[in-house]
>>> print(open('query14.cif').read())   # mmCIF, C-alpha atoms
data_coords
#
loop_
_atom_site.label_atom_id
_atom_site.label_comp_id
_atom_site.auth_asym_id
_atom_site.auth_seq_id
_atom_site.Cartn_x
_atom_site.Cartn_y
_atom_site.Cartn_z
CA MET A 15 0.00 0.00 0.00
CA LYS A 16 2.83 2.35 0.91
CA LEU A 17 4.49 1.66 -2.44
CA ILE A 18 1.27 2.46 -4.32
CA LEU A 19 0.86 5.74 -2.46
CA THR A 20 4.47 6.65 -3.14
CA GLN A 21 4.06 5.96 -6.85
CA LEU A 22 0.84 7.99 -6.97
CA ALA A 23 2.58 10.89 -5.24
CA ARG A 24 5.43 10.76 -7.74
CA LEU A 25 3.01 10.59 -10.63
CA GLY A 26 1.08 13.57 -9.26
CA ALA A 27 4.28 15.58 -8.79
CA ALA A 28 5.39 14.74 -12.32
CA LEU A 29 2.03 15.85 -13.76
CA VAL A 30 2.17 19.10 -11.79
CA ALA A 31 5.72 19.74 -12.98
CA LEU A 32 4.79 18.94 -16.57
CA TYR A 33 1.76 21.23 -16.45
CA GLY A 34 3.86 23.97 -14.84
CA LEU A 35 6.35 23.67 -17.68
CA LEU A 36 3.55 23.81 -20.25
CA LEU A 37 2.02 26.82 -18.47
CA GLY A 38 5.32 28.69 -18.46
CA LEU A 39 5.92 27.89 -22.12
CA THR A 40 2.49 29.05 -23.27
CA LEU A 41 2.73 32.24 -21.19
CA LEU A 42 6.04 32.95 -22.85
CA ILE A 43 4.77 32.26 -26.36
CA ALA A 44 1.35 33.91 -25.96
CA PRO A 45 1.20 36.21 -22.91
CA GLY A 46 -2.50 36.76 -23.51
CA ASP A 47 -4.63 39.58 -22.16
CA PRO A 48 -2.50 42.39 -20.66
CA GLY A 49 -5.15 43.11 -18.02
CA GLN A 50 -5.44 46.81 -18.72
CA GLY A 51 -7.19 49.20 -21.07
CA ALA A 52 -10.79 49.39 -22.19
CA LEU A 53 -12.86 46.28 -22.76
CA ASP A 54 -14.27 45.92 -26.25
CA SER A 55 -16.08 42.72 -27.18
CA ALA A 56 -15.65 43.60 -30.84
CA ARG A 57 -11.95 42.72 -30.42
CA ALA A 58 -12.68 39.28 -28.95
CA GLY A 59 -11.73 37.47 -32.14
CA GLU A 60 -8.29 39.09 -32.09
CA SER A 61 -7.68 38.07 -28.49
CA LEU A 62 -6.74 34.78 -26.89
CA TYR A 63 -10.37 34.38 -25.80
CA LEU A 64 -11.74 34.12 -29.37
CA THR A 65 -15.43 34.67 -28.58
CA GLU A 66 -17.37 37.55 -27.05
CA PRO A 67 -18.79 35.56 -24.07
CA LYS A 68 -15.37 34.19 -23.14
CA TYR A 69 -13.75 37.62 -23.57
CA VAL A 70 -16.25 39.26 -21.23
CA PHE A 71 -16.03 36.44 -18.70
CA PHE A 72 -12.24 36.47 -18.41
CA SER A 73 -11.50 40.19 -18.88
CA ARG A 74 -13.95 41.73 -16.42
CA SER A 75 -11.65 41.92 -13.37
CA ARG A 76 -10.20 45.21 -14.62
CA LEU A 77 -13.63 46.81 -14.05
CA ASN A 78 -13.00 46.82 -10.30
CA SER A 79 -11.81 50.44 -10.17
CA ALA A 80 -12.81 53.77 -8.70
CA GLN A 81 -12.99 55.36 -12.16
CA ASP A 82 -16.32 56.46 -13.61
CA LYS A 83 -17.19 53.75 -16.12
CA VAL A 84 -19.68 53.53 -18.99
CA LEU A 85 -20.56 49.89 -19.66
CA VAL A 86 -22.50 49.10 -22.84
CA VAL A 87 -24.55 45.90 -22.54
CA GLY A 88 -26.72 44.49 -25.30
CA ALA A 89 -26.68 42.35 -28.41
CA SER A 90 -24.77 42.67 -31.70
CA ASN A 91 -26.45 45.92 -32.77
CA ALA A 92 -25.15 47.53 -29.55
CA LEU A 93 -21.72 46.07 -30.23
CA VAL A 94 -21.46 47.59 -33.71
CA GLY A 95 -23.66 50.62 -33.00
CA PHE A 96 -21.64 51.96 -30.06
CA LYS A 97 -18.06 51.47 -31.16
CA GLN A 98 -15.80 51.69 -28.15
CA GLY A 99 -13.38 54.13 -29.78
CA GLU A 100 -16.11 56.49 -31.00
CA LEU A 101 -17.94 56.53 -27.67
CA GLN A 102 -14.68 56.97 -25.75
CA ALA A 103 -13.80 59.98 -27.92
CA ALA A 104 -17.19 61.49 -27.08
CA LEU A 105 -16.70 60.81 -23.33
CA PRO A 106 -13.01 61.57 -22.69
CA GLU A 107 -13.42 61.92 -18.91
CA GLN A 108 -14.87 58.44 -18.39
CA GLU A 109 -13.75 54.88 -19.06
CA VAL A 110 -15.85 53.39 -21.84
CA HIS A 111 -16.23 49.62 -22.09
CA ASN A 112 -18.39 47.83 -24.65
CA ILE A 113 -19.20 44.41 -23.18
CA ALA A 114 -22.15 43.64 -25.44
CA VAL A 115 -22.44 40.02 -26.58
CA SER A 116 -24.08 39.06 -29.85
CA GLY A 117 -27.32 37.14 -29.50
CA SER A 118 -28.02 38.32 -25.96
CA ASN A 119 -31.52 38.50 -24.56
CA ILE A 120 -32.51 40.21 -21.31
CA THR A 121 -31.52 37.16 -19.27
CA GLN A 122 -27.99 37.14 -20.66
CA MET A 123 -27.70 40.91 -20.34
CA GLY A 124 -28.55 40.50 -16.66
CA GLN A 125 -25.88 37.83 -16.34
CA ILE A 126 -23.28 40.18 -17.82
CA VAL A 127 -24.26 42.86 -15.31
CA GLU A 128 -23.90 40.23 -12.57
CA LEU A 129 -20.45 39.19 -13.84
CA VAL A 130 -19.33 42.79 -13.49
CA ARG A 131 -20.80 43.07 -9.99
CA GLU A 132 -19.06 39.88 -8.87
CA VAL A 133 -15.58 41.33 -9.34
CA GLN A 134 -16.32 44.82 -7.98
CA THR A 135 -16.23 46.28 -4.52
CA PRO A 136 -19.29 48.25 -3.35
CA ALA A 137 -17.29 51.43 -3.93
CA ALA A 138 -16.50 50.47 -7.52
CA ARG A 139 -20.18 49.73 -8.25
CA ARG A 140 -21.06 53.33 -7.44
CA HIS A 141 -18.99 54.41 -10.45
CA ASN A 142 -20.91 52.26 -12.95
CA THR A 143 -23.15 53.66 -15.65
CA PHE A 144 -24.74 50.75 -17.46
CA VAL A 145 -26.05 51.45 -20.95
CA LEU A 146 -28.72 48.81 -21.60
CA ALA A 147 -29.39 48.69 -25.35
CA LEU A 148 -32.95 47.56 -26.10
CA TRP A 149 -35.00 46.47 -29.08
CA TYR A 150 -37.59 43.75 -29.44
CA GLY A 151 -35.00 41.07 -30.23
CA VAL A 152 -33.45 41.17 -26.74
CA PHE A 153 -36.85 40.36 -25.24
CA ALA A 154 -36.80 36.85 -26.69
CA ALA A 155 -38.09 34.35 -24.14
CA ASP A 156 -35.48 32.03 -22.63
CA SER A 157 -37.47 29.04 -23.91
CA ALA A 158 -37.00 30.28 -27.47
CA ARG A 159 -33.44 31.53 -27.14
CA TRP A 160 -31.67 29.00 -24.90
CA HIS A 161 -33.59 25.72 -25.11
CA THR A 162 -31.69 24.33 -28.08
CA PRO A 163 -30.28 20.86 -28.85
CA ASP A 164 -26.66 22.06 -28.62
CA ARG A 165 -26.77 22.85 -24.88
CA HIS A 166 -28.27 21.99 -21.52
CA ALA A 167 -31.77 23.48 -21.61
CA GLY A 168 -31.66 27.10 -20.49
CA ASP A 169 -27.89 27.57 -20.53
CA THR A 170 -26.93 30.91 -22.04
CA ASP A 171 -23.66 31.55 -23.85
CA ILE A 172 -22.38 33.10 -20.61
CA ASP A 173 -23.35 29.94 -18.72
CA LEU A 174 -21.31 27.85 -21.15
CA GLU A 175 -18.24 29.91 -20.27
CA ARG A 176 -18.98 29.67 -16.56
CA TYR A 177 -19.00 25.87 -16.71
CA ARG A 178 -16.33 25.31 -19.39
CA TYR A 179 -13.27 25.33 -17.13
CA GLY A 180 -14.91 24.33 -13.87
CA PHE A 181 -15.08 27.83 -12.38
CA TYR A 182 -18.79 27.27 -11.70
CA THR A 183 -20.96 24.28 -11.06
CA ARG A 184 -24.59 23.74 -11.98
CA GLY A 185 -26.66 24.25 -8.85
CA GLN A 186 -30.32 23.84 -8.09
CA HIS A 187 -30.94 27.54 -8.73
CA GLY A 188 -28.41 28.14 -11.49
CA ALA A 189 -24.65 28.58 -11.71
CA GLN A 190 -22.77 28.45 -8.41
CA SER A 191 -19.23 29.79 -8.18
CA LEU A 192 -16.47 27.38 -7.17
CA LEU A 193 -13.66 29.86 -7.79
CA PRO A 194 -13.99 33.11 -5.81
CA PRO A 195 -14.39 36.05 -8.22
CA THR A 196 -11.36 37.68 -6.59
CA ALA A 197 -9.27 34.76 -7.91
CA LEU A 198 -10.48 35.16 -11.51
CA ASP A 199 -7.10 36.30 -12.85
CA THR A 200 -5.38 33.38 -11.13
CA GLY A 201 -7.89 31.00 -12.68
CA ALA A 202 -7.32 32.53 -16.11
CA HIS A 203 -3.59 31.93 -15.75
CA LEU A 204 -4.11 28.32 -14.69
CA VAL A 205 -6.19 27.50 -17.79
CA HIS A 206 -3.88 29.47 -20.07
CA PRO A 207 -2.54 26.36 -21.88
CA TYR A 208 -6.11 25.40 -22.84
CA LEU A 209 -6.78 28.91 -24.14
CA VAL A 210 -3.62 28.80 -26.25
CA LEU A 211 -4.55 25.37 -27.59
CA ASP A 212 -7.99 26.69 -28.58
CA ALA A 213 -6.41 29.66 -30.35
CA VAL A 214 -3.86 27.54 -32.23
CA THR A 215 -6.55 25.08 -33.29
CA ARG A 216 -8.68 27.96 -34.54
CA ASP A 217 -5.87 29.49 -36.56
CA VAL A 218 -4.81 26.19 -38.11
CA THR A 219 -8.34 25.15 -39.11
CA GLN A 220 -9.76 28.55 -40.00
CA SER A 221 -9.75 28.24 -43.79
CA TRP A 222 -11.12 24.69 -43.60
CA ARG A 223 -13.93 25.73 -41.26
CA GLU A 224 -14.85 28.67 -43.47
CA ARG A 225 -15.19 26.42 -46.52
CA LEU A 226 -17.16 23.82 -44.57
CA SER A 227 -19.59 26.35 -43.07
CA GLY A 228 -20.33 27.98 -46.40
CA LYS A 229 -20.62 31.37 -44.72
CA SER A 230 -19.82 34.42 -46.78
CA ARG A 231 -16.83 36.47 -45.75
CA LYS A 232 -17.26 39.38 -43.34
CA LEU A 233 -17.98 42.65 -45.13
CA THR A 234 -15.66 45.61 -44.73
CA ASP A 235 -16.98 48.89 -43.33
CA GLU A 236 -16.93 50.38 -46.83
CA GLU A 237 -18.95 47.46 -48.20
CA ARG A 238 -21.45 47.72 -45.35
CA ASN A 239 -21.89 51.43 -46.02
CA GLN A 240 -22.67 50.66 -49.65
CA ARG A 241 -25.03 47.76 -49.01
CA SER A 242 -28.80 48.14 -49.17
CA VAL A 243 -31.41 45.56 -48.26
CA ARG A 244 -33.51 44.68 -51.29
CA GLU A 245 -37.28 44.37 -51.03
CA ASP A 246 -37.11 40.70 -51.97
CA GLU A 247 -34.96 40.11 -48.87
CA HIS A 248 -37.49 41.53 -46.42
CA ALA A 249 -39.62 38.39 -46.10
CA GLY A 250 -36.60 36.21 -45.33
CA TYR A 251 -35.38 38.50 -42.57
CA LEU A 252 -38.85 38.79 -41.03
CA ALA A 253 -39.26 35.00 -41.11
CA PHE A 254 -35.89 34.56 -39.41
CA TRP A 255 -36.79 36.86 -36.52
CA ARG A 256 -40.21 35.32 -36.11
CA ALA A 257 -38.58 31.89 -35.75
CA TYR A 258 -35.83 33.30 -33.50
CA MET A 259 -38.46 34.73 -31.15
CA GLY A 260 -40.30 31.41 -30.94
CA GLY A 261 -42.95 31.97 -33.60
CA VAL A 262 -45.06 34.20 -31.36
CA ASP A 263 -46.82 37.49 -32.06
CA ARG A 264 -46.64 38.81 -28.50
CA LEU A 265 -43.77 39.16 -26.07
CA GLN A 266 -43.86 37.62 -22.61
CA ASP A 267 -44.04 39.67 -19.42
CA ALA A 268 -41.04 37.95 -17.79
CA PRO A 269 -38.24 39.73 -19.74
CA PHE A 270 -39.70 43.17 -18.97
CA GLN A 271 -39.98 42.27 -15.29
CA ALA A 272 -36.38 41.05 -15.39
CA LEU A 273 -35.29 44.35 -16.93
CA SER A 274 -36.92 46.24 -14.06
CA ARG A 275 -35.07 44.09 -11.53
CA ILE A 276 -31.73 44.65 -13.27
CA VAL A 277 -32.24 48.42 -13.30
CA ASN A 278 -33.38 48.54 -9.67
CA GLN A 279 -30.39 46.52 -8.50
CA ILE A 280 -27.88 48.75 -10.30
CA VAL A 281 -29.48 51.88 -8.88
CA ALA A 282 -29.75 50.44 -5.35
CA GLU A 283 -25.98 49.94 -5.34
CA GLY A 284 -25.26 53.50 -6.42
CA GLY A 285 -24.88 53.00 -10.15
CA ARG A 286 -26.64 54.73 -13.00
CA VAL A 287 -28.54 53.36 -15.98
CA VAL A 288 -29.27 54.62 -19.47
CA LEU A 289 -31.97 52.68 -21.29
CA VAL A 290 -31.44 53.08 -25.03
CA ASP A 291 -34.24 52.25 -27.44
CA LEU A 292 -32.37 51.24 -30.60
CA PRO A 293 -33.94 51.90 -33.99
CA ILE A 294 -34.41 49.28 -36.69
CA PRO A 295 -35.22 49.85 -40.38
CA ALA A 296 -38.71 51.17 -41.05
CA TRP A 297 -39.61 48.16 -43.22
CA HIS A 298 -38.60 45.79 -40.39
CA ALA A 299 -40.57 47.74 -37.78
CA ALA A 300 -43.66 47.85 -40.00
CA GLY A 301 -43.49 44.14 -40.81
CA SER A 302 -43.04 42.76 -37.29
CA PRO A 303 -45.96 42.50 -34.85
CA LEU A 304 -43.41 41.95 -32.10
CA HIS A 305 -41.91 45.39 -32.68
CA ALA A 306 -45.35 46.95 -32.20
CA ASP A 307 -45.86 44.93 -29.01
CA TYR A 308 -42.39 45.96 -27.79
CA GLU A 309 -43.22 49.62 -28.37
CA ARG A 310 -46.48 49.36 -26.42
CA ARG A 311 -44.83 47.64 -23.49
CA LEU A 312 -41.90 50.02 -23.45
CA GLN A 313 -44.21 53.02 -23.41
CA SER A 314 -45.84 51.72 -20.22
CA LEU A 315 -42.63 50.55 -18.54
CA LEU A 316 -40.22 53.43 -19.15
CA PRO A 317 -42.08 56.16 -17.19
CA SER A 318 -41.93 54.13 -13.97
CA LEU A 319 -38.22 53.40 -14.42
CA ALA A 320 -37.37 56.95 -15.44
CA ASP A 321 -38.91 58.30 -12.21
CA GLU A 322 -35.60 57.35 -10.58
CA PRO A 323 -33.09 60.22 -11.05
CA ALA A 324 -30.31 57.70 -11.69
CA VAL A 325 -32.14 56.31 -14.73
CA ARG A 326 -32.23 58.02 -18.09
CA VAL A 327 -33.91 57.08 -21.32
CA LEU A 328 -32.62 57.67 -24.84
CA ARG A 329 -34.88 57.04 -27.81
CA LEU A 330 -32.42 57.07 -30.66
CA PRO A 331 -33.87 58.63 -33.80
CA GLY A 332 -33.61 56.52 -36.90
CA GLY A 333 -35.45 53.95 -38.87
CA ASP A 334 -34.21 55.23 -42.21
CA ASP A 335 -33.75 52.08 -44.27
CA ASP A 336 -30.55 53.42 -45.82
CA ASP A 337 -28.91 53.70 -42.38
CA PHE A 338 -28.79 49.91 -41.99
CA SER A 339 -26.66 47.30 -43.72
CA ASP A 340 -29.17 44.54 -42.95
CA GLU A 341 -32.35 44.15 -40.93
CA VAL A 342 -30.94 45.44 -37.62
CA HIS A 343 -27.28 46.55 -37.75
CA PRO A 344 -26.46 50.22 -38.43
CA LYS A 345 -24.00 51.14 -41.14
CA PRO A 346 -20.57 52.32 -39.93
CA ARG A 347 -21.22 55.83 -41.25
CA VAL A 348 -24.06 56.38 -38.73
CA THR A 349 -22.50 54.93 -35.57
CA ALA A 350 -20.60 58.09 -34.63
CA GLY A 351 -23.95 59.86 -34.46
CA TRP A 352 -25.29 57.18 -32.12
CA SER A 353 -22.30 57.66 -29.81
CA GLN A 354 -22.70 61.43 -29.82
CA ALA A 355 -26.38 61.13 -28.92
CA LEU A 356 -25.57 58.73 -26.08
CA ALA A 357 -22.74 60.93 -24.81
CA SER A 358 -25.11 63.92 -24.70
CA ARG A 359 -27.63 61.90 -22.69
CA LEU A 360 -24.93 60.69 -20.32
CA GLY A 361 -23.72 64.17 -19.47
CA SER A 362 -24.32 65.27 -15.89
CA SER A 363 -23.02 68.00 -13.69
CA PRO A 364 -20.72 67.16 -10.74
CA ASN A 365 -23.46 68.37 -8.39
CA GLU A 366 -25.97 65.94 -9.91
CA ARG A 367 -23.51 63.08 -9.51
CA GLU A 368 -22.86 63.99 -5.87
CA GLN A 369 -26.60 64.13 -5.16
CA HIS A 370 -27.08 60.68 -6.70
CA GLU A 371 -24.22 59.20 -4.66
CA HIS A 372 -25.67 60.77 -1.49
CA ARG A 373 -29.12 59.27 -2.20
CA SER A 374 -27.51 55.89 -2.91
CA SER A 375 -25.64 55.97 0.40
CA LEU A 376 -28.85 56.74 2.24
CA ARG A 377 -30.66 53.89 0.50
CA GLN A 378 -27.91 51.44 1.39
CA ALA A 379 -27.86 52.65 4.99
CA ASP A 380 -31.65 52.26 5.22
CA ALA A 381 -31.39 48.75 3.80
CA GLY A 382 -28.80 47.84 6.41
CA ILE A 383 -30.98 49.16 9.23
CA SER A 384 -33.96 47.25 7.86
CA ARG A 385 -31.98 44.01 7.77
CA ARG A 386 -30.81 44.49 11.38
CA ILE A 387 -34.35 45.16 12.57
CA ARG A 388 -35.64 41.99 10.92
#
>>> encode(input="query14.cif", output="structure tokens")
Amino acid sequence: MKLILTQLARLGAALVALYGLLLGLTLLIAPGDPGQGALDSARAGESLYLTEPKYVFFSRSRLNSAQDKVLVVGASNALVGFKQGELQAALPEQEVHNIAVSGSNITQMGQIVELVREVQTPAARRHNTFVLALWYGVFAADSARWHTPDRHAGDTDIDLERYRYGFYTRGQHGAQSLLPPTALDTGAHLVHPYLVLDAVTRDVTQSWRERLSGKSRKLTDEERNQRSVREDEHAGYLAFWRAYMGGVDRLQDAPFQALSRIVNQIVAEGGRVVLVDLPIPAWHAAGSPLHADYERRLQSLLPSLADEPAVRVLRLPGGDDDDFSDEVHPKPRVTAGWSQALASRLGSSPNEREQHEHRSSLRQADAGISRRIR
């Protein structure tokens, strides 16, 4: 028995030494994320993390700072519509981070907000301004968006990253953290060899995968500016979004209730929120009953949310068909205008910010007293 234990110990030590060597080698060859600078999910494909969900999951620890931060959360039209560089230029006194993830619905947007909260101190949360980019597509029901054959029913793209490397486990009420959020950077270093292997595999097989998928190449900004959606394409796009939303003509109440909870939580912790109603082409809006339902629901929901001084609403003008390269994504030539409009809505005087922080402190103090009384 003693001999077996000795051999197991030696084997374990050898494996640890081998993995340590591999870790050191991969860190030397591909240092990975430098851990500083603005987050921009649009650059995920150029990073070691490859995908937007993985990029957001692993890079978020740098958001634990006392700097005023603007955090854009939404789907792909928020990612391309609020380019990090353009919005940063319009808001030079704040840190601008675009952590939007393509294909997000309200549930996944809430998870991204929660990922940010996990790595922040209470003081850092008071410097957050979350820009929640809305249109009817992000109100897709979880049953339509995440109950697909390629995943455990209900798992979002963020959930897949939570479970991929064992940082979280599947609990009775959702993902449960096994690795403390404060140790996120350490965890990222420990799985570095796997990240490098993923990146090398991607690079080696890229041309083969592109041919196999049959997908057309990504358009340049100039090509997107020149592209117009033909009338004979309208029906196909509308059919896609009807199927994407679960084939329904009315949105469920649950995503709007979830949005209210997300906003209230951010505000209760001293943060601010800007709710941005994103435009879509006029032909798309006119052809989708879900857009009309979204507009009705938003009209009734926004006044109650906007009663809170820390919440602002921006209804972006638009809808001109020629401003969009497809059924939802704005052309590059119009995105600077979107950023300027958002920057104008984000502006606040130092006195207004101080008043908001004072109200937030009072709310948190009242909550603490209430908990002690109970």
>>> residues_around(input="query14.cif", residues="Ala154 in chain A", least_positions_apart="4", cutoff="8 Å", atoms="only C-alpha atoms", output="list in words")
Asn119, Ile120, Tyr150, Ala158, Arg159, Tyr258, Met259, Gly260, Leu265 and Pro269 of chain A
>>> resolve_selection(input="query14.cif", expression="the PyMOL selection byres ((chain A and resi 179) around 12)", output="list in words")
Lys68, Phe71, Phe72, Asp173, Leu174, Glu175, Arg176, Tyr177, Arg178, Gly180, Phe181, Tyr182, Thr183, Ser191, Leu192, Leu193, Leu198, Gly201, Ala202, His203, Leu204, Val205, His206, Pro207, Tyr208 and Leu209 of chain A
>>> residues_around(input="query14.cif", residues="Val70 in chain A", least_positions_apart="5", cutoff="10 Å", atoms="only C-alpha atoms", output="PyMOL selection string")
chain A and resi 53-55+58+63+65+75+112-115+126+129-130+172+175
>>> closest_residue(input="query14.cif", among="A:Met123, A:Leu356, A:Val281, A:Leu233", to="Ala320 in chain A", atoms="only C-alpha atoms")
A:Val281
>>> resolve_selection(input="query14.cif", expression="the PyMOL selection byres ((chain A and resi 296-298) around 12)", output="ChimeraX atom specification")
/A:149-151,243-256,293-295,299-306,331-338,340-343
>>> closest_residue(input="query14.cif", among="A:Gly95, A:Arg184, A:Glu236, A:Gly284", to="Pro136 in chain A", atoms="only C-alpha atoms")
A:Gly284
>>> closest_residue(input="query14.cif", among="A:Asn142, A:Gln186, A:Ser73, A:Asn91", to="Leu360 in chain A", atoms="all atoms listed in the file")
A:Asn142
>>> closest_residue(input="query14.cif", among="A:Glu107, A:Asp212, A:Asp307, A:Glu66", to="Ala357 in chain A", atoms="only C-alpha atoms")
A:Glu107
>>> closest_residue(input="query14.cif", among="A:Arg347, A:Arg131, A:Arg74, A:Arg264", to="Arg241 in chain A", atoms="only C-alpha atoms")
A:Arg347
>>> atom_distance(input="query14.cif", atom1="CA of Thr349 in chain A", atom2="CA of Lys83 in chain A")
20.2 Å
>>> closest_residue(input="query14.cif", among="A:Leu316, A:Leu146, A:Val210, A:Ala257", to="Val288 in chain A", atoms="all atoms listed in the file")
A:Leu146
>>> residues_around(input="query14.cif", residues="Ala147 in chain A", least_positions_apart="6", cutoff="7 Å", atoms="all atoms listed in the file", output="PyMOL selection string")
chain A and resi 87-88+92+289-292
>>> atom_distance(input="query14.cif", atom1="CA of Gly124 in chain A", atom2="CA of Ser314 in chain A")
20.9 Å
>>> axis_aligned_box(input="query14.cif", around="range 52-55 of chain A", padding_each_side="3 Å", output="lines of an AutoDock Vina configuration file")
center_x = -13.4
center_y = 46.1
center_z = -24.7
size_x = 11.3
size_y = 12.7
size_z = 11.0
>>> decode(input="query14.cif", residues="range 231-255 of chain A", atoms="N, CA and C atoms", output="PDB file, in the first residue's frame")
ATOM      1  N   ARG A 231     -17.846  35.744 -46.514  1.00  0.00           N
ATOM      2  CA  ARG A 231     -16.830  36.470 -45.746  1.00  0.00           C
ATOM      3  C   ARG A 231     -17.444  37.714 -45.094  1.00  0.00           C
ATOM      4  N   LYS A 232     -16.794  38.194 -44.046  1.00  0.00           N
ATOM      5  CA  LYS A 232     -17.262  39.378 -43.343  1.00  0.00           C
ATOM      6  C   LYS A 232     -17.050  40.618 -44.207  1.00  0.00           C
ATOM      7  N   LEU A 233     -18.075  41.448 -44.306  1.00  0.00           N
ATOM      8  CA  LEU A 233     -17.982  42.651 -45.129  1.00  0.00           C
ATOM      9  C   LEU A 233     -17.109  43.699 -44.457  1.00  0.00           C
ATOM     10  N   THR A 234     -16.416  44.470 -45.253  1.00  0.00           N
ATOM     11  CA  THR A 234     -15.660  45.608 -44.734  1.00  0.00           C
ATOM     12  C   THR A 234     -16.625  46.742 -44.404  1.00  0.00           C
ATOM     13  N   ASP A 235     -16.143  47.736 -43.653  1.00  0.00           N
ATOM     14  CA  ASP A 235     -16.976  48.893 -43.335  1.00  0.00           C
ATOM     15  C   ASP A 235     -17.441  49.600 -44.609  1.00  0.00           C
ATOM     16  N   GLU A 236     -16.563  49.717 -45.580  1.00  0.00           N
ATOM     17  CA  GLU A 236     -16.932  50.375 -46.829  1.00  0.00           C
ATOM     18  C   GLU A 236     -18.034  49.605 -47.551  1.00  0.00           C
ATOM     19  N   GLU A 237     -17.925  48.289 -47.552  1.00  0.00           N
ATOM     20  CA  GLU A 237     -18.954  47.464 -48.199  1.00  0.00           C
ATOM     21  C   GLU A 237     -20.274  47.546 -47.449  1.00  0.00           C
ATOM     22  N   ARG A 238     -20.216  47.596 -46.131  1.00  0.00           N
ATOM     23  CA  ARG A 238     -21.448  47.722 -45.348  1.00  0.00           C
ATOM     24  C   ARG A 238     -22.122  49.072 -45.593  1.00  0.00           C
ATOM     25  N   ASN A 239     -21.320  50.110 -45.732  1.00  0.00           N
ATOM     26  CA  ASN A 239     -21.889  51.434 -46.024  1.00  0.00           C
ATOM     27  C   ASN A 239     -22.595  51.459 -47.374  1.00  0.00           C
ATOM     28  N   GLN A 240     -22.103  50.669 -48.308  1.00  0.00           N
ATOM     29  CA  GLN A 240     -22.670  50.663 -49.653  1.00  0.00           C
ATOM     30  C   GLN A 240     -23.863  49.722 -49.785  1.00  0.00           C
ATOM     31  N   ARG A 241     -24.001  48.781 -48.860  1.00  0.00           N
ATOM     32  CA  ARG A 241     -25.026  47.757 -49.012  1.00  0.00           C
ATOM     33  C   ARG A 241     -26.415  48.288 -48.684  1.00  0.00           C
ATOM     34  N   SER A 242     -27.396  47.840 -49.447  1.00  0.00           N
ATOM     35  CA  SER A 242     -28.796  48.141 -49.174  1.00  0.00           C
ATOM     36  C   SER A 242     -29.586  46.843 -49.192  1.00  0.00           C
ATOM     37  N   VAL A 243     -30.572  46.747 -48.317  1.00  0.00           N
ATOM     38  CA  VAL A 243     -31.414  45.557 -48.256  1.00  0.00           C
ATOM     39  C   VAL A 243     -32.476  45.660 -49.337  1.00  0.00           C
ATOM     40  N   ARG A 244     -32.525  44.682 -50.201  1.00  0.00           N
ATOM     41  CA  ARG A 244     -33.510  44.680 -51.287  1.00  0.00           C
ATOM     42  C   ARG A 244     -34.885  44.277 -50.753  1.00  0.00           C
ATOM     43  N   GLU A 245     -35.917  44.694 -51.455  1.00  0.00           N
ATOM     44  CA  GLU A 245     -37.282  44.367 -51.028  1.00  0.00           C
ATOM     45  C   GLU A 245     -37.521  42.866 -51.007  1.00  0.00           C
ATOM     46  N   ASP A 246     -36.888  42.143 -51.930  1.00  0.00           N
ATOM     47  CA  ASP A 246     -37.113  40.701 -51.968  1.00  0.00           C
ATOM     48  C   ASP A 246     -36.415  39.973 -50.818  1.00  0.00           C
ATOM     49  N   GLU A 247     -35.601  40.697 -50.035  1.00  0.00           N
ATOM     50  CA  GLU A 247     -34.962  40.107 -48.869  1.00  0.00           C
ATOM     51  C   GLU A 247     -35.779  40.292 -47.602  1.00  0.00           C
ATOM     52  N   HIS A 248     -36.740  41.196 -47.623  1.00  0.00           N
ATOM     53  CA  HIS A 248     -37.494  41.530 -46.421  1.00  0.00           C
ATOM     54  C   HIS A 248     -38.166  40.313 -45.803  1.00  0.00           C
ATOM     55  N   ALA A 249     -38.851  39.526 -46.620  1.00  0.00           N
ATOM     56  CA  ALA A 249     -39.621  38.391 -46.101  1.00  0.00           C
ATOM     57  C   ALA A 249     -38.714  37.387 -45.401  1.00  0.00           C
ATOM     58  N   GLY A 250     -37.527  37.161 -45.948  1.00  0.00           N
ATOM     59  CA  GLY A 250     -36.604  36.213 -45.328  1.00  0.00           C
ATOM     60  C   GLY A 250     -36.133  36.679 -43.962  1.00  0.00           C
ATOM     61  N   TYR A 251     -35.807  37.959 -43.862  1.00  0.00           N
ATOM     62  CA  TYR A 251     -35.380  38.499 -42.573  1.00  0.00           C
ATOM     63  C   TYR A 251     -36.510  38.438 -41.544  1.00  0.00           C
ATOM     64  N   LEU A 252     -37.719  38.804 -41.962  1.00  0.00           N
ATOM     65  CA  LEU A 252     -38.848  38.785 -41.030  1.00  0.00           C
ATOM     66  C   LEU A 252     -39.153  37.360 -40.572  1.00  0.00           C
ATOM     67  N   ALA A 253     -39.029  36.401 -41.478  1.00  0.00           N
ATOM     68  CA  ALA A 253     -39.257  34.999 -41.115  1.00  0.00           C
ATOM     69  C   ALA A 253     -38.198  34.519 -40.124  1.00  0.00           C
ATOM     70  N   PHE A 254     -36.952  34.945 -40.335  1.00  0.00           N
ATOM     71  CA  PHE A 254     -35.886  34.556 -39.408  1.00  0.00           C
ATOM     72  C   PHE A 254     -36.188  35.042 -37.996  1.00  0.00           C
ATOM     73  N   TRP A 255     -36.569  36.319 -37.852  1.00  0.00           N
ATOM     74  CA  TRP A 255     -36.787  36.856 -36.517  1.00  0.00           C
ATOM     75  C   TRP A 255     -38.050  36.309 -35.866  1.00  0.00           C
TER      76      TRP A 255
END
